[in-house]
$ cat coords.txt   # compact mmCIF, C-alpha atoms
# COMPACT_ATOMS: atom_id res chain seq x y z
CA MET Y 1 115.69 155.25 74.92
CA SER Y 2 114.51 156.02 78.45
CA ASN Y 3 113.21 152.53 78.75
CA MET Y 4 115.25 151.54 81.78
CA ARG Y 5 113.25 150.26 84.69
CA THR Y 6 114.15 149.20 88.19
CA ILE Y 7 113.21 145.71 89.25
CA ASN Y 8 113.45 144.10 92.69
CA PHE Y 9 113.74 140.36 93.10
CA THR Y 10 115.24 137.61 95.21
CA LEU Y 11 118.40 136.19 93.66
CA ASN Y 12 119.68 132.99 95.26
CA GLY Y 13 118.11 134.04 98.56
CA GLN Y 14 119.32 137.66 98.54
CA GLU Y 15 117.09 140.69 97.95
CA VAL Y 16 118.53 142.56 94.99
CA SER Y 17 117.53 145.24 92.52
CA ALA Y 18 118.64 146.05 89.01
CA ASP Y 19 118.07 148.63 86.30
CA ILE Y 20 117.25 146.84 83.09
CA GLU Y 21 115.63 147.46 79.71
CA PRO Y 22 112.62 145.41 78.51
CA HIS Y 23 114.46 143.79 75.60
CA ARG Y 24 117.04 142.11 77.86
CA ASN Y 25 116.56 138.46 78.73
CA LEU Y 26 117.13 136.73 82.05
CA VAL Y 27 120.57 135.39 81.08
CA GLU Y 28 121.77 138.93 80.37
CA LEU Y 29 120.41 140.08 83.74
CA LEU Y 30 122.25 137.31 85.59
CA GLN Y 31 125.52 138.21 83.88
CA ARG Y 32 125.32 141.64 85.50
CA PHE Y 33 125.48 139.85 88.85
CA ASP Y 34 128.55 137.91 87.66
CA LEU Y 35 126.53 134.73 87.41
CA PHE Y 36 127.59 132.78 84.33
CA GLY Y 37 126.16 129.31 85.09
CA ALA Y 38 123.16 129.95 82.84
CA ARG Y 39 124.50 130.20 79.30
CA GLU Y 40 122.57 131.31 76.25
CA SER Y 41 123.52 128.67 73.70
CA CYS Y 42 120.86 127.72 71.17
CA GLY Y 43 118.84 130.81 72.05
CA GLN Y 44 115.63 128.94 71.24
CA GLY Y 45 114.67 127.13 74.44
CA LEU Y 46 115.81 123.79 73.04
CA CYS Y 47 119.18 123.05 74.61
CA GLY Y 48 118.56 123.82 78.29
CA CYS Y 49 121.96 125.45 78.93
CA CYS Y 50 120.24 128.64 80.13
CA THR Y 51 117.96 126.88 82.65
CA VAL Y 52 117.08 129.03 85.67
CA LEU Y 53 114.42 128.45 88.35
CA VAL Y 54 111.87 131.26 88.69
CA ASP Y 55 109.62 130.82 91.73
CA GLY Y 56 110.86 127.22 91.82
CA LYS Y 57 109.98 126.42 88.20
CA ALA Y 58 112.52 125.83 85.45
CA VAL Y 59 112.47 128.35 82.62
CA SER Y 60 114.71 129.00 79.64
CA GLY Y 61 116.56 132.19 80.59
CA CYS Y 62 117.07 132.99 76.91
CA LEU Y 63 113.31 133.07 76.31
CA TYR Y 64 112.31 134.98 79.42
CA PHE Y 65 112.30 138.76 79.63
CA ALA Y 66 114.46 139.98 82.51
CA VAL Y 67 111.81 142.47 83.71
CA TRP Y 68 109.47 139.55 84.36
CA VAL Y 69 111.43 138.46 87.46
CA ASP Y 70 110.35 141.66 89.23
CA GLY Y 71 108.94 140.53 92.60
CA LYS Y 72 109.90 136.91 91.97
CA SER Y 73 112.49 134.51 93.34
CA VAL Y 74 115.31 133.44 91.02
CA THR Y 75 117.54 130.43 91.68
CA THR Y 76 120.66 129.69 89.64
CA VAL Y 77 123.10 126.81 89.74
CA GLU Y 78 125.51 128.97 91.75
CA SER Y 79 123.26 128.70 94.81
CA LEU Y 80 123.30 124.92 94.98
CA ASP Y 81 126.60 124.71 96.88
CA ALA Y 82 125.99 127.93 98.79
CA GLU Y 83 127.13 126.44 102.08
CA GLY Y 84 130.19 124.84 100.54
CA VAL Y 85 128.47 121.49 100.15
CA LEU Y 86 127.40 120.27 96.75
CA SER Y 87 123.74 119.41 96.31
CA ILE Y 88 122.78 115.74 96.13
CA VAL Y 89 122.25 116.13 92.40
CA GLN Y 90 125.65 117.76 91.82
CA GLN Y 91 127.38 115.08 93.87
CA ALA Y 92 125.62 112.33 91.91
CA PHE Y 93 126.67 113.91 88.60
CA ILE Y 94 130.32 113.87 89.72
CA GLU Y 95 130.20 110.30 91.00
CA CYS Y 96 128.54 109.03 87.81
CA GLY Y 97 130.78 111.08 85.51
CA ALA Y 98 127.63 112.57 84.01
CA PHE Y 99 129.49 115.02 81.75
CA GLN Y 100 132.60 115.51 79.70
CA CYS Y 101 133.03 119.21 78.92
CA GLY Y 102 130.45 120.29 81.52
CA PHE Y 103 128.94 123.10 79.46
CA CYS Y 104 125.40 121.72 79.67
CA THR Y 105 125.72 120.50 83.27
CA PRO Y 106 124.22 123.50 85.14
CA GLY Y 107 121.06 123.24 83.03
CA PHE Y 108 120.78 119.49 83.55
CA VAL Y 109 121.35 119.85 87.30
CA LEU Y 110 118.58 122.45 87.66
CA MET Y 111 116.15 120.42 85.54
CA VAL Y 112 116.86 117.40 87.75
CA HIS Y 113 116.09 119.54 90.81
CA GLN Y 114 112.63 120.30 89.38
CA LEU Y 115 112.18 116.65 88.34
CA LEU Y 116 112.96 115.29 91.81
CA LYS Y 117 110.80 117.92 93.48
CA GLU Y 118 107.82 116.77 91.40
CA HIS Y 119 108.74 113.09 91.06
CA PRO Y 120 110.88 111.96 94.03
CA SER Y 121 111.13 108.45 92.56
CA PRO Y 122 111.14 109.12 88.83
CA SER Y 123 110.61 106.37 86.29
CA ASP Y 124 112.91 106.13 83.26
CA ASP Y 125 110.11 107.72 81.28
CA ASP Y 126 109.85 110.62 83.75
CA ILE Y 127 113.61 111.20 83.54
CA ARG Y 128 113.63 111.19 79.73
CA HIS Y 129 110.56 113.41 79.64
CA TYR Y 130 111.98 116.09 81.94
CA LEU Y 131 115.42 116.02 80.34
CA SER Y 132 114.27 115.84 76.71
CA GLY Y 133 114.70 119.62 76.53
CA ASN Y 134 118.37 119.48 77.54
CA LEU Y 135 121.07 118.67 75.02
CA CYS Y 136 124.52 117.29 75.84
CA ARG Y 137 126.88 117.49 72.85
CA CYS Y 138 129.25 115.05 74.56
CA ALA Y 139 126.30 112.61 74.72
CA ALA Y 140 126.79 111.73 78.39
CA TYR Y 141 123.11 110.74 78.50
CA PRO Y 142 123.48 107.22 80.01
CA GLU Y 143 125.61 108.62 82.84
CA ILE Y 144 123.20 111.52 83.35
CA ILE Y 145 120.24 109.14 83.69
CA GLU Y 146 122.27 107.05 86.13
CA ALA Y 147 123.12 110.19 88.13
CA VAL Y 148 119.42 111.08 88.39
CA LYS Y 149 118.69 107.63 89.79
CA VAL Y 150 121.54 107.88 92.29
CA ALA Y 151 120.33 111.32 93.40
CA ALA Y 152 116.74 110.10 93.71
CA ARG Y 153 117.83 107.25 95.98
CA ARG Y 154 119.66 109.68 98.29
CA ALA Y 155 117.16 112.54 98.27
CA MET P 1 117.10 142.11 70.37
CA ILE P 2 116.25 145.65 69.31
CA PRO P 3 114.97 147.91 72.12
CA PHE P 4 111.23 148.39 72.50
CA GLU P 5 108.80 149.66 75.08
CA MET P 6 106.85 147.35 77.39
CA VAL P 7 103.65 148.45 79.10
CA GLU P 8 101.66 146.53 81.70
CA PRO P 9 97.92 147.17 81.68
CA GLN P 10 96.09 146.46 84.93
CA SER P 11 92.81 145.31 83.41
CA LEU P 12 91.62 143.45 80.32
CA GLN P 13 89.84 146.59 79.14
CA GLU P 14 93.02 148.63 79.46
CA ALA P 15 94.99 145.95 77.60
CA VAL P 16 92.52 146.04 74.70
CA SER P 17 92.62 149.85 74.62
CA LEU P 18 96.43 149.83 74.41
CA LEU P 19 96.39 147.62 71.31
CA ASP P 20 96.17 149.31 67.94
CA PRO P 21 94.28 147.64 65.08
CA GLU P 22 96.38 149.53 62.51
CA GLU P 23 99.81 149.07 64.08
CA PRO P 24 101.46 145.66 63.59
CA THR P 25 104.53 146.60 65.66
CA ILE P 26 102.38 146.72 68.82
CA ARG P 27 101.51 143.28 70.08
CA PRO P 28 100.36 141.58 73.26
CA VAL P 29 102.79 139.23 75.00
CA ALA P 30 101.84 136.50 77.47
CA GLY P 31 104.56 133.83 77.86
CA GLY P 32 106.67 135.22 75.04
CA THR P 33 108.35 131.92 74.20
CA ALA P 34 107.15 131.97 70.58
CA LEU P 35 107.25 135.75 70.16
CA MET P 36 110.85 135.99 71.38
CA LEU P 37 111.92 133.46 68.75
CA MET P 38 110.45 135.70 66.06
CA MET P 39 112.12 138.73 67.62
CA LYS P 40 115.50 137.00 67.81
CA ALA P 41 115.15 135.97 64.17
CA GLY P 42 114.36 139.57 63.26
CA VAL P 43 111.03 138.50 61.77
CA PHE P 44 109.15 140.62 64.28
CA GLN P 45 110.47 143.94 65.59
CA PRO P 46 108.03 145.46 68.07
CA THR P 47 107.90 149.10 69.02
CA ARG P 48 105.77 148.22 72.03
CA LEU P 49 104.72 145.02 73.76
CA ILE P 50 101.57 144.93 75.86
CA CYS P 51 102.54 142.60 78.72
CA LEU P 52 99.53 140.72 80.09
CA HIS P 53 101.09 139.51 83.35
CA ALA P 54 99.28 142.01 85.61
CA ILE P 55 95.90 140.60 84.57
CA GLU P 56 97.09 137.02 84.82
CA PRO P 57 95.47 135.94 88.12
CA GLU P 58 91.99 136.68 86.84
CA HIS P 59 92.53 134.95 83.50
CA ALA P 60 94.64 131.92 84.39
CA ARG P 61 92.03 129.80 86.11
CA ILE P 62 90.91 126.40 84.88
CA THR P 63 87.30 125.86 85.98
CA VAL P 64 84.46 123.46 85.40
CA SER P 65 81.25 125.20 84.42
CA GLY P 66 78.36 122.84 83.93
CA GLU P 67 79.89 119.96 82.02
CA ALA P 68 82.32 122.14 80.12
CA LEU P 69 85.90 122.97 81.04
CA ARG P 70 86.95 126.59 80.81
CA ILE P 71 90.66 127.34 80.56
CA GLY P 72 91.76 130.94 81.11
CA ALA P 73 94.00 132.21 78.33
CA MET P 74 96.79 133.08 80.78
CA ALA P 75 97.01 129.53 82.16
CA THR P 76 100.42 128.09 81.37
CA LEU P 77 100.66 124.88 79.39
CA SER P 78 102.04 123.30 82.59
CA ASP P 79 98.90 124.42 84.45
CA VAL P 80 96.83 122.51 81.89
CA GLU P 81 99.16 119.50 82.03
CA HIS P 82 98.90 119.18 85.81
CA ASP P 83 95.27 120.19 86.35
CA ALA P 84 93.14 117.49 88.01
CA ASN P 85 89.99 118.38 86.04
CA VAL P 86 91.87 118.21 82.75
CA ALA P 87 93.30 114.81 83.70
CA ALA P 88 89.87 113.48 84.67
CA ARG P 89 87.82 114.93 81.81
CA LEU P 90 90.24 115.44 78.95
CA PRO P 91 93.10 112.95 79.26
CA VAL P 92 93.88 113.54 75.57
CA LEU P 93 94.82 117.12 76.41
CA LYS P 94 97.11 116.06 79.24
CA ARG P 95 98.79 113.46 77.01
CA ALA P 96 99.30 115.99 74.23
CA MET P 97 101.07 118.33 76.66
CA ARG P 98 103.79 115.80 77.34
CA THR P 99 104.93 115.88 73.74
CA LEU P 100 104.54 119.62 73.34
CA SER P 101 107.93 121.39 73.40
CA ASN P 102 109.63 120.81 76.77
CA VAL P 103 109.04 121.34 80.51
CA ARG P 104 110.65 124.79 80.60
CA VAL P 105 108.67 126.16 77.69
CA ARG P 106 105.43 124.70 79.08
CA ASN P 107 106.17 126.40 82.42
CA VAL P 108 106.08 129.78 80.65
CA ALA P 109 103.99 129.53 77.44
CA ARG P 110 100.33 130.46 77.83
CA VAL P 111 97.27 128.82 76.32
CA GLY P 112 96.08 132.09 74.75
CA GLY P 113 99.41 132.65 73.07
CA ALA P 114 99.58 129.08 71.77
CA LEU P 115 96.18 129.65 70.12
CA ALA P 116 96.77 133.18 68.85
CA HIS P 117 100.25 132.66 67.40
CA GLY P 118 98.86 130.94 64.30
CA ASP P 119 101.85 128.69 63.66
CA PRO P 120 100.29 125.61 62.02
CA HIS P 121 102.95 123.37 63.61
CA MET P 122 101.68 123.97 67.15
CA ASP P 123 100.09 121.03 68.98
CA LEU P 124 97.46 122.65 71.18
CA PRO P 125 95.18 124.12 68.46
CA PRO P 126 94.48 120.81 66.64
CA VAL P 127 93.74 119.00 69.91
CA LEU P 128 91.34 121.71 71.05
CA ALA P 129 89.72 121.96 67.61
CA ALA P 130 89.07 118.21 67.55
CA LEU P 131 87.45 118.52 70.99
CA GLY P 132 85.05 121.13 69.62
CA ALA P 133 86.51 123.91 71.78
CA LYS P 134 85.56 127.57 71.43
CA VAL P 135 87.64 130.64 72.20
CA SER P 136 86.26 133.71 73.92
CA VAL P 137 87.68 136.91 72.50
CA ALA P 138 87.63 140.41 74.00
CA GLY P 139 87.81 143.48 71.82
CA PRO P 140 86.83 147.16 71.93
CA LYS P 141 83.26 146.26 70.97
CA GLY P 142 82.87 143.58 73.62
CA HIS P 143 83.16 139.80 73.62
CA ARG P 144 82.66 137.26 70.90
CA GLU P 145 83.06 133.52 70.69
CA LEU P 146 84.33 131.38 67.83
CA PRO P 147 85.33 127.76 67.34
CA VAL P 148 89.06 127.04 67.46
CA GLU P 149 88.80 125.52 63.97
CA ALA P 150 87.61 128.92 62.64
CA LEU P 151 90.44 130.88 64.24
CA TYR P 152 92.99 130.55 61.46
CA SER P 153 93.02 132.34 58.13
CA GLY P 154 96.51 131.45 56.91
CA TYR P 155 100.12 130.76 57.79
CA TYR P 156 100.69 132.54 61.13
CA GLU P 157 97.42 134.38 60.48
CA THR P 158 94.24 134.39 62.52
CA VAL P 159 90.86 136.03 62.01
CA LEU P 160 91.44 138.10 65.16
CA GLU P 161 91.78 141.87 64.90
CA LYS P 162 95.03 143.30 66.22
CA ASN P 163 93.13 144.79 69.15
CA GLU P 164 91.40 141.59 70.17
CA LEU P 165 92.60 139.22 72.88
CA ILE P 166 91.69 135.62 73.54
CA THR P 167 90.45 135.48 77.15
CA SER P 168 89.61 131.80 77.52
CA VAL P 169 88.92 128.57 75.71
CA THR P 170 85.94 126.38 76.58
CA VAL P 171 85.97 122.66 75.89
CA PRO P 172 82.53 121.03 75.87
CA ALA P 173 81.76 117.83 77.76
CA ARG P 174 83.22 114.81 76.04
CA ASN P 175 80.07 112.70 76.48
CA GLY P 176 82.02 109.51 75.97
CA ARG P 177 83.55 110.65 72.68
CA LYS P 178 86.90 109.09 71.80
CA ALA P 179 89.71 111.48 71.05
CA THR P 180 93.40 111.46 70.30
CA TYR P 181 96.19 113.52 68.80
CA MET P 182 99.18 112.16 66.93
CA LYS P 183 102.14 114.15 65.79
CA VAL P 184 104.74 112.93 63.34
CA THR P 185 108.26 114.27 63.51
CA SER P 186 110.50 113.31 60.63
CA ARG P 187 113.91 114.24 62.05
CA THR P 188 114.14 113.97 65.86
CA ALA P 189 111.39 113.07 68.33
CA ASP P 190 111.25 116.61 69.74
CA ASP P 191 111.27 118.38 66.38
CA TRP P 192 108.41 120.47 65.05
CA PRO P 193 105.92 118.06 63.47
CA ALA P 194 105.75 117.22 59.77
CA LEU P 195 102.12 116.31 60.40
CA GLY P 196 99.58 116.56 63.19
CA VAL P 197 96.33 114.58 63.19
CA ALA P 198 93.65 115.06 65.83
CA VAL P 199 90.41 113.10 65.80
CA SER P 200 87.37 112.76 68.00
CA PHE P 201 84.22 110.76 67.46
CA ALA P 202 81.39 108.97 69.20
CA HIS P 203 81.53 105.18 68.97
CA LYS P 204 78.12 103.54 69.07
CA ASP P 205 77.20 99.99 68.11
CA GLY P 206 80.66 99.50 66.66
CA THR P 207 80.46 102.44 64.28
CA ILE P 208 81.90 105.94 64.17
CA ARG P 209 79.45 108.79 64.71
CA ASP P 210 79.93 112.54 64.29
CA PRO P 211 83.68 112.47 63.71
CA ILE P 212 85.85 115.57 63.81
CA VAL P 213 89.14 115.25 61.92
CA ILE P 214 91.76 118.00 62.13
CA VAL P 215 95.04 118.15 60.22
CA SER P 216 97.86 120.50 61.16
CA ALA P 217 101.56 121.15 60.48
CA ALA P 218 101.51 119.71 56.94
CA THR P 219 99.03 122.35 55.85
CA GLU P 220 99.19 126.15 55.67
CA LYS P 221 96.80 126.36 58.57
CA LEU P 222 94.95 124.02 60.87
CA THR P 223 92.26 122.42 58.71
CA ARG P 224 89.05 120.54 59.45
CA MET P 225 88.69 117.63 57.04
CA THR P 226 85.00 117.54 56.22
CA SER P 227 85.18 115.07 53.31
CA THR P 228 87.17 112.67 55.47
CA GLU P 229 84.59 113.06 58.23
CA LYS P 230 81.83 112.10 55.77
CA GLU P 231 83.80 109.00 54.81
CA LEU P 232 84.14 108.02 58.47
CA GLN P 233 80.55 108.77 59.44
CA GLY P 234 78.79 105.47 60.19
CA ALA P 235 81.89 103.44 59.34
CA THR P 236 82.94 100.32 61.19
CA VAL P 237 86.52 100.58 62.35
CA ASP P 238 88.29 98.14 60.07
CA ASP P 239 91.23 98.28 57.68
CA LYS P 240 89.04 98.85 54.64
CA ALA P 241 87.12 101.79 56.06
CA LEU P 242 90.25 103.37 57.47
CA ALA P 243 92.05 102.99 54.14
CA ARG P 244 89.15 104.75 52.40
CA ALA P 245 89.21 107.54 54.96
CA GLY P 246 92.98 107.85 54.53
CA GLU P 247 92.57 108.20 50.76
CA ALA P 248 89.87 110.82 51.31
CA ALA P 249 92.13 112.77 53.68
CA ALA P 250 95.08 112.61 51.28
CA ALA P 251 92.88 113.93 48.48
CA GLU P 252 91.33 116.63 50.63
CA ALA P 253 94.30 118.12 52.50
CA GLN P 254 96.21 121.02 50.91
CA ILE P 255 99.61 119.67 51.87
CA LEU P 256 102.76 121.79 51.61
CA ALA P 257 106.35 120.67 51.23
CA ASP P 258 108.98 122.01 53.63
CA ALA P 259 112.14 120.94 55.47
CA HIS P 260 110.13 118.25 57.27
CA GLY P 261 109.27 116.42 54.06
CA THR P 262 107.87 116.60 50.55
CA ALA P 263 104.14 116.93 49.98
CA ALA P 264 103.99 113.39 48.58
CA TYR P 265 105.73 112.02 51.68
CA LYS P 266 103.39 113.87 54.03
CA ARG P 267 100.37 112.68 52.06
CA GLU P 268 101.50 109.09 52.70
CA LEU P 269 102.01 109.97 56.37
CA LEU P 270 98.48 111.30 56.54
CA LYS P 271 97.00 108.06 55.16
CA VAL P 272 98.90 106.04 57.75
CA TYR P 273 98.42 108.34 60.71
CA LEU P 274 94.72 108.93 60.20
CA ARG P 275 94.30 105.16 60.47
CA ARG P 276 96.51 104.98 63.53
CA ALA P 277 94.78 107.96 65.15
CA VAL P 278 91.33 106.40 64.87
CA ARG P 279 92.63 103.14 66.33
CA GLN P 280 94.52 104.96 69.07
CA ALA P 281 91.45 107.02 70.01
CA LEU P 282 89.48 103.81 70.43
CA ALA P 283 92.23 102.23 72.51
CA GLU P 284 92.77 105.25 74.75
CA GLY P 285 89.11 106.01 75.25
$ encode --input "coords.txt" --output "structure tokens"
Amino acid sequence: MSNMRTINFTLNGQEVSADIEPHRNLVELLQRFDLFGARESCGQGLCGCCTVLVDGKAVSGCLYFAVWVDGKSVTTVESLDAEGVLSIVQQAFIECGAFQCGFCTPGFVLMVHQLLKEHPSPSDDDIRHYLSGNLCRCAAYPEIIEAVKVAARRA
Amino acid sequence: MIPFEMVEPQSLQEAVSLLDPEEPTIRPVAGGTALMLMMKAGVFQPTRLICLHAIEPEHARITVSGEALRIGAMATLSDVEHDANVAARLPVLKRAMRTLSNVRVRNVARVGGALAHGDPHMDLPPVLAALGAKVSVAGPKGHRELPVEALYSGYYETVLEKNELITSVTVPARNGRKATYMKVTSRTADDWPALGVAVSFAHKDGTIRDPIVIVSAATEKLTRMTSTEKELQGATVDDKALARAGEAAAAEAQILADAHGTAAYKRELLKVYLRRAVRQALAEG
């Protein structure tokens, strides 16, 4: 099908373009740029492993058509240590041991970035509310909540 | 997903003209969060999607006109959640947003899509129906308006033609009416609801006036409970009156069994949650 279209967007601060078909989702697009931090896991927008920021807002990459990032700015977890220094959130996750296997961590980290942008001093309720759409099969939730608080204090 | 074509009309009129009343494999897409689930499940296989993003700026605004609040169909659920006018005039709507799916989905899902999808488990339609909201619909023959409660004809079915688009929803002034929405999830807190109950009413001299009672999720489609409303009309809010209203609701609702619970279980839920909803509406104001 001659459905391929060329899109131009900003990916982690770089202007890029890609040829992509309308039925591809954002996770599939990112894989073509060798970015594997966003993982399609549940495929239903429930688990948060595919979290990506589009124009600064968290979206589920598995439920977002790739062509829709045309003209937009896309941020993935890979950009957070772009200058060789971990972000405050990443550092807090390490210090609090806020993971075991780490599979869900990129999604949690990006959700926490949006949380702290909108609520610099989040309440417990804010934290649970923003992270209720992210699942951690290792159940590192207490450590994750602690990491958010540590990051908020330093941000 | 199976390949399909995506076109991007530049005006509402063009979008309507690209839809085909006889062709179910051509559908509009706004946020796509619900549609993509159907596509991934293979339940819906489009040949062409009419993407509405190019006409978004014009149809995403949330404005106050007179005493009413008009929400453009392309507003995201997050836009509604964070809008100052919504917070000031319709706190019930803002509160409902916090329990609706999750932050990421609300960042993308659009109000028009949430209304047009026709899934009886969705949270936004019962809240808007209880608030007496009306949708504006554009089609080839022009515009028409209908109440949200009249939008649904069955499970995932609306009265809209396949070449009609919801352009906005208008919520009338609350005029001091109490309103609330309660959802009951029987497995995890963030699950699809087993039951949704939305109520609104005026409260004068200690009695309920002009109640609207909406039930969702447990029924095939969002349903206005007119017998229950009659039971509540003029009632004093006490255990006796609320028990009677609960019995009326349980008798009136066409409740279906599914993975969230048996019909008998959901009927008991309805008795309890109608009572709680009326009390919560009074408490929240």
$ closest_atom_pairs --input "coords.txt" --of "chain P" --to "chain Y" --cutoff "7 Å" --atoms "all atoms listed in the file" --output "Markdown table"
| residue | atom | partner | partner_atom | distance |
| --- | --- | --- | --- | --- |
| P:Met1 | CA | Y:His23 | CA | 6.1 |
| P:Ile2 | CA | Y:His23 | CA | 6.8 |
| P:Pro3 | CA | Y:His23 | CA | 5.4 |
| P:Phe4 | CA | Y:His23 | CA | 6.4 |
| P:Glu5 | CA | Y:Asn3 | CA | 6.4 |
| P:Met6 | CA | Y:Pro22 | CA | 6.2 |
| P:Thr33 | CA | Y:Leu63 | CA | 5.5 |
| P:Met36 | CA | Y:Leu63 | CA | 6.2 |
| P:Leu37 | CA | Y:Gln44 | CA | 6.4 |
| P:Asn102 | CA | Y:Gly133 | CA | 5.2 |
| P:Val103 | CA | Y:Tyr130 | CA | 6.2 |
| P:Arg104 | CA | Y:Val59 | CA | 4.5 |
| P:Val105 | CA | Y:Val59 | CA | 6.6 |
| P:Asn107 | CA | Y:Val59 | CA | 6.6 |
| P:Val108 | CA | Y:Val59 | CA | 6.8 |
$ closest_residue --input "coords.txt" --among "Y:Ala152, Y:Leu86, Y:Arg137, Y:Cys96" --to "Lys117 of chain Y" --atoms "all atoms listed in the file"
Y:Ala152
$ residues_around --input "coords.txt" --residues "segment 272-281 of chain P" --least-positions-apart "5" --cutoff "7 Å" --atoms "only C-alpha atoms" --output "JSON, numbers by chain"
{"P": [178, 179, 180, 181, 182, 197, 199, 242, 246]}
$ write_last_selection --input "coords.txt" --atoms "C-alpha atoms" --output "mmCIF file, in the coordinates of the input"
data_model
loop_
_atom_site.group_PDB
_atom_site.id
_atom_site.type_symbol
_atom_site.label_atom_id
_atom_site.label_comp_id
_atom_site.auth_asym_id
_atom_site.auth_seq_id
_atom_site.Cartn_x
_atom_site.Cartn_y
_atom_site.Cartn_z
ATOM 1 C CA LYS P 178 86.900 109.090 71.800
ATOM 2 C CA ALA P 179 89.710 111.480 71.050
ATOM 3 C CA THR P 180 93.400 111.460 70.300
ATOM 4 C CA TYR P 181 96.190 113.520 68.800
ATOM 5 C CA MET P 182 99.180 112.160 66.930
ATOM 6 C CA VAL P 197 96.330 114.580 63.190
ATOM 7 C CA VAL P 199 90.410 113.100 65.800
ATOM 8 C CA LEU P 242 90.250 103.370 57.470
ATOM 9 C CA GLY P 246 92.980 107.850 54.530
#
$ atom_distance --input "coords.txt" --atom1 "atom CA of Leu282 of chain P" --atom2 "atom CA of Ala150 of chain P"
26.4 Å
$ atom_distance --input "coords.txt" --atom1 "atom CA of Glu28 of chain Y" --atom2 "atom CA of Ala147 of chain Y"
29.8 Å
$ atom_distance --input "coords.txt" --atom1 "atom CA of Gly56 of chain Y" --atom2 "atom CA of Gly32 of chain P"
19.1 Å
$ closest_residue --input "coords.txt" --among "Y:Ala66, Y:Val77, Y:Ala151, Y:Ala98" --to "Ser17 of chain Y" --atoms "only C-alpha atoms"
Y:Ala66
$ residues_around --input "coords.txt" --residues "Glu95 of chain Y" --least-positions-apart "4" --cutoff "10 Å" --atoms "only C-alpha atoms" --output "PyMOL selection string"
chain Y and resi 89-91+143+146-147+150
$ residues_around --input "coords.txt" --residues "Pro21 of chain P" --least-positions-apart "4" --cutoff "10 Å" --atoms "all atoms listed in the file" --output "VMD selection string"
chain P and resid 16 to 17 26 to 27 160 to 164
